[in-house]
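Novice: One structure, pasted below without further comment.
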There are 4 protein chains.
Amino acid sequence: MAEDRPDKRRQRRAQTRRRLLEAGLELMGRRGIVACKVEEITRAAGVGKGTFFTHFAGKESFVAELVGLVLDDLARRVRPVGLAPSDAEARLAGVGAVHLRFFQLRPQAAALLTEACRLAGGEGGEGIRRRLERHVELVAEMLAPAAASLGWPAERVRELALMLIATSVGFFWFGTPLELGRDTPAALLDRLGRALARGLAGVRRE
Amino acid sequence: MAEDRPDKRRQRRAQTRRRLLEAGLELMGRRGIVACKVEEITRAAGVGKGTFFTHFAGKESFVAELVGLVLDDLARRVRPVGLAPSDAEARLAGVGAVHLRFFQLRPQAAALLTEACRLAGGEGGEGIRRRLERHVELVAEMLAPAAASLGWPAERVRELALMLIATSVGFFWFGTPLELGRDTPAALLDRLGRALARGLAGVRRE
Amino acid sequence: MAEDRPDKRRQRRAQTRRRLLEAGLELMGRRGIVACKVEEITRAAGVGKGTFFTHFAGKESFVAELVGLVLDDLARRVRPVGLAPSDAEARLAGVGAVHLRFFQLRPQAAALLTEACRLAGGEGGEGIRRRLERHVELVAEMLAPAAASLGWPAERVRELALMLIATSVGFFWFGTPLELGRDTPAALLDRLGRALARGLAGVRRE
Amino acid sequence: MAEDRPDKRRQRRAQTRRRLLEAGLELMGRRGIVACKVEEITRAAGVGKGTFFTHFAGKESFVAELVGLVLDDLARRVRPVGLAPSDAEARLAGVGAVHLRFFQLRPQAAALLTEACRLAGGEGGEGIRRRLERHVELVAEMLAPAAASLGWPAERVRELALMLIATSVGFFWFGTPLELGRDTPAALLDRLGRALARGLAGVRRE
DNA sequence: CATGAATGAGTTTTCATTCAT
DNA sequence: TATGAATGAAAACTCATTCAT
């Protein structure tokens with residue numbers, strides 16, 4: 001009823017949207033995309049069920065947006081590693097470490113990406129698929145120099161990138177029910193990241 | 001009460017069961033555990049809907065059984081690698097390669113394990129969780145010697161194993177919608193496996 | 001496999017039939033006609049599921065038979081009361097007491113009749129309905145003299161009979177979940193029966 | 001969050017609920033609780049199938065509510081009888097007559113109570129059981145004085161009450177398929193009630 | 001005749017989405 | 001714009017009944 005200025009309204013609306021996305025990431029990551037009902041999300045966000053659909057076209061596009069947010073966040077942390085001048089292995093180790101730490105702190109994000117990947121395959125999942133592809137591309141570009149210098153086919157760098165990403169996401173996805181990963185000390189996680197990097201960096205014809 | 005041909009009957013029944021499991025693995029792996037309706041499975045297996053429920057307590061225990069079959073199959077291929085006398089790195093590379101090739105040939109298996117992992121977390125999923133744990137244990141035991149010799153904490157070997165498994169499953173899970181992995185030449189896949197192994201084998205305090 | 005003489009076979013078959021009916025009365029009375037599955041009955045009777053259908057046309061006709069058995073049993077106990085020379089009230093009291101005692105000892109019978117009454121209304125329930133009608137008729141005939149001498153319309157005696165029956169069945173049907181009736185001392189039950197009889201016997205224009 | 005017309009909405013909703021309950025009583029009473037599908041009820045109420053489940057937790061709790069309504073209605077008619085100053089027998093006759101007339105006019109109510117009694121026994125049926133118990137208690141309290149003055153054990157008055165209730169419900173339950181009771185003239189029904197009352201009131205050690 | 005494997009019609013319940021207020 | 005009541009498609013699961021052995 002409050003007749004605020006349009007600015008305030010828009011601000012409120014943006015905040016609601018953010019709250020929905022936050023609640024969604026938390027709940028969908030924890031309980032699963034399918035198991036998590038829209039109503040749970042709106043309840044957690046403190047708004048009516050209908051509001052959800054004024055902000056998003058549907059559950060699927062909500063997930064797509066969530067995936068976008070997660071990968072944007074991740075990309076923001078990964079990119080600096082690529083900018084710092086360093087040798088191929090170090091850069092790779094950095095990318096690996098960033099990924100591992102990112103998902104250790106955000107197991108819901110790992111869960112969301114994993115489950116969203118199913119949607120990416122079906123129809124209507126182009127958005128998610130493209131977003132995933134973009135992230136693979138980003139990582140691939142960072143690995144390209146190293147790959148080139150090691151005789152790894154240039155057109156296959158994306159496989160290298162995929163492996164790195166899959167490893168870090170999968171580690172926490174499979175780790176969660178087994179109660180592994182969550183409490184792995186950061187130091188060990190880094191060693192793991194470096195080891196992985198060293199291995200991938202050393203991928204070469206023998 | 002003695003049957004005329006109890007064998008024939010039992011044999012037929014066993015065959016039906018096998019057909020259901022095969023169809024289930026194929027369909028659930030391709031279209032997703034949730035998306036795949038029981039009726040689709042029975043139709044694919046050429047039996048009536050009700051038959052499914054005379055063989056399995058429900059969809060969930062069906063998945064649990066499927067997970068068991070997949071991991072049994074995988075374990076059967078992995079174990080020999082551990083028996084052959086070889087240095088830590090070679091053994092690790094072998095385990096990695098076996099996993100990668102296994103899931104490259106069976107992307108539905110990768111998909112099934114990935115999605116089943118969600119069930120493993122919820123209630124009623126103890127069976128699946130235990131089966132997953134057992135496989136991690138198996139791989140962990142094969143990695144133990146290498147880990148020990150490299151100063152990796154013995155009680156953390158399961159994390160090493162988890163990473164190896166997560167990598168190979170995740171690679172094909174995330175690869176599928178991105179159309180990556182499926183056509184990766186076996187040679188490259190082996191290099192990838194070896195690289196990974198070399199990295200993990202070289203995990204060390206620096 | 002045993003090639004017994006036809007007599008023995010027939011005897012065995014009759015025994016199986018009896019066992020099925022006994023198990024059916026017990027289980028259906030306790031857990032409800034609908035809730036009680038055919039397989040439970042056959043399991044309790046120690047035979048295969050298919051055997052049930054070689055003895056009865058289906059679940060419904062099985063119930064009909066059960067109703068028949070119960071009412072035959074009841075009628076056998078009621079009839080003597082009508083034969084003994086006695087005044088209207090005493091006879092009525094006797095009939096009431098027999099009914100009450102019968103169902104106190106056989107709450108499953110009360111349950112069965114109550115639920116079967118639903119079937120009696122639907123199509124295919126003519127058998128049950130006719131059997132119920134016959135019992136009402138039997139009791140009505142025993143009440144007729146009393147009614148006549150009291151100015152109760154002769155064509156309405158069946159209502160008197162119905163009330164007596166409904167009371168005794170209903171008492172234990174409703175009593176069971178409320179834990180009433182089962183432990184009511186026989187003496188009190190008799191007083192109740194007599195009271196009821198005296199009341200009904202005294203039905204008169206005032 | 002404040003609605004424009006929360007009243008109108010709430011009113012509409014309440015009306016829908018009422019329509020569902022009415023349709024439910026009618027249909028379940030006529031065709032049976034189990035035989036009556038939820039969809040029939042919603043169709044009769046002119047709403048969508050899903051609406052049913054926004055109003056009631058499930059079929060069982062719907063029945064529980066229906067039982068509550070019926071017994072509330074009945075109690076409302078019975079209570080005045082207890083308040084009017086009158087001797088034990090007259091009061092008893094009144095209670096009996098009210099019950100009989102109530103169920104004569106509402107055979108579906110008799111049917112519903114009868115069938116609901118099965119649910120009262122199973123788990124999840126505590127609500128129904130408690131409601132039934134309460135009604136027995138109500139009637140028992142009205143019979144207590146009469147019982148006391150007649151030497152009927154005070155702790156057994158509930159059995160007296162149960163008998164009265166069982167009689168009136170059972171009369172119409174069993175009467176329906178036999179086409180008895182529905183057309184019994186009110187005068188006769190009253191005589192029956194009085195007779196019953198006189199009988200029960202006269203229950204005494206002889 | 002006895003058996004139990006197979007069957008599929010039938011029912012409850014869930015939940016994303018729509019839309020009147 | 002926000003809301004929550006209404007919706008109905010969809011899916012798991014049950015169980016009486018059939019029938020090959």
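In the structure tokens, chains take letters A, B, ... by order of appearance, with residues numbered from 1 within each chain and ligands from 1 in the order shown.
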Give me, as number ranges by chain, the residues of chain E touching chain C, with the criterion being at most 10 Å (counting only C-alpha atoms (C1' of nucleotides)).
Specialist: E: 1-4
Novice: With C-alpha atoms (C1' of nucleotides) retained, write the just-selected residues as a tab-separated table (two decimals), in the first residue's frame.
Specialist:
```tsv
chain	number	residue	atom	x	y	z
E	1	DC	C1'	-5.28	-79.47	-9.69
E	2	DA	C1'	-1.86	-76.26	-7.63
E	3	DT	C1'	1.16	-72.71	-8.31
E	4	DG	C1'	3.17	-68.14	-8.53
```
Novice: After a least-squares superposition of chain B on chain C over all Cα atoms matched in order, what is the RMSD to one decimal?
Specialist: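 Computed on C-alpha atoms only, the RMSD stands at 1.7 Å.
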Novice: Return as a PyMOL selection string the full set of residues in stretch 124-195 of chain B whose backbone-based DSSP assignment is helix (DSSP H, G or I).
Specialist: chain B and resi 126-149+154-178+186-195
Novice: If we count only C-alpha atoms (C1' of nucleotides), what is near stretch 128-134 of chain D at a cut-off of 8 Å, once residues fewer than 4 positions away on the same chain are taken out, given as a list in words?
Specialist: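 Selected residues are Pro177 and Leu178 of chain C; Ala64, Val67, Gly68, Leu71, Ala116, Cys117, Leu119, Ala120, Gly121 and Leu138 of chain D.
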Novice: Compute the chain F side of the contact with chain D at 9 Å, counting only C-alpha atoms (C1' of nucleotides), and hand it back as a JSON list (two decimals) with C-alpha atoms (C1' of nucleotides), in the first residue's frame.
Specialist:
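Generated output (out14.json):
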```json
[["chain", "number", "residue", "atom", "x", "y", "z"],
["F", 2, "DA", "C1'", 2.00, -9.43, -5.06],
["F", 3, "DT", "C1'", -0.67, -13.04, -3.62],
["F", 5, "DA", "C1'", -6.37, -20.45, -4.36],
["F", 6, "DA", "C1'", -7.25, -23.38, -7.93],
["F", 7, "DT", "C1'", -5.75, -26.54, -11.39],
["F", 8, "DG", "C1'", -4.81, -31.06, -13.77]]
```
Novice: Report the distance between atom CA of B:Arg77 and atom CA of A:Leu100 in Å, rounded to one decimal place.
Specialist: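 Rounded to one decimal, the two atoms are 29.0 Å apart.
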Novice: If you measure from atom CA of D:Val70 to atom CA of C:Leu164, what distance in Å do you get, rounded to one decimal?
Specialist: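 Distance reported for this atom pair: 24.3 Å.
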Novice: Any idea what's packed within 7 Å of A:His99, counting only C-alpha atoms (C1' of nucleotides), ignoring anything in its chain fewer than 4 positions away? Could you give it as a ChimeraX atom specification?
Specialist: /A:95,103,168
Novice: Output N, CA and C atoms for every residue in that selection, as an mmCIF file, in the first residue's frame.
Specialist:
```cif
data_model
loop_
_atom_site.group_PDB
_atom_site.id
_atom_site.type_symbol
_atom_site.label_atom_id
_atom_site.label_comp_id
_atom_site.auth_asym_id
_atom_site.auth_seq_id
_atom_site.Cartn_x
_atom_site.Cartn_y
_atom_site.Cartn_z
ATOM 1 N N VAL A 95 44.326 -22.415 -10.988
ATOM 2 C CA VAL A 95 42.946 -22.621 -11.435
ATOM 3 C C VAL A 95 42.317 -23.787 -10.674
ATOM 4 N N PHE A 103 34.279 -24.802 -4.452
ATOM 5 C CA PHE A 103 33.213 -25.788 -4.218
ATOM 6 C C PHE A 103 33.253 -26.383 -2.818
ATOM 7 N N SER A 168 36.794 -31.088 -9.682
ATOM 8 C CA SER A 168 36.507 -30.286 -8.491
ATOM 9 C C SER A 168 35.038 -30.329 -8.117
#
```
Novice: What does the distance from atom CA of D:Arg43 to atom CA of A:Glu39 come to in Å, to one decimal?
Specialist: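 Taking atom CA of D:Arg43 as the start and atom CA of A:Glu39 as the end point, the length is 26.3 Å.
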Novice: Using only C-alpha atoms (C1' of nucleotides), which of B:Gly193, B:Ala140, B:Thr42, B:Glu65 sits nearest E:DT7?
Specialist: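 Residue with the minimum atom-to-atom distance to E:DT7: B:Thr42.
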Novice: Out of C:Gly46, C:Asp7, C:Leu113, C:Val139, which residue has the shortest atom-to-atom distance to chain B when counting only C-alpha atoms?
Specialist: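 Of all the options, C:Gly46 lies closest to chain B.
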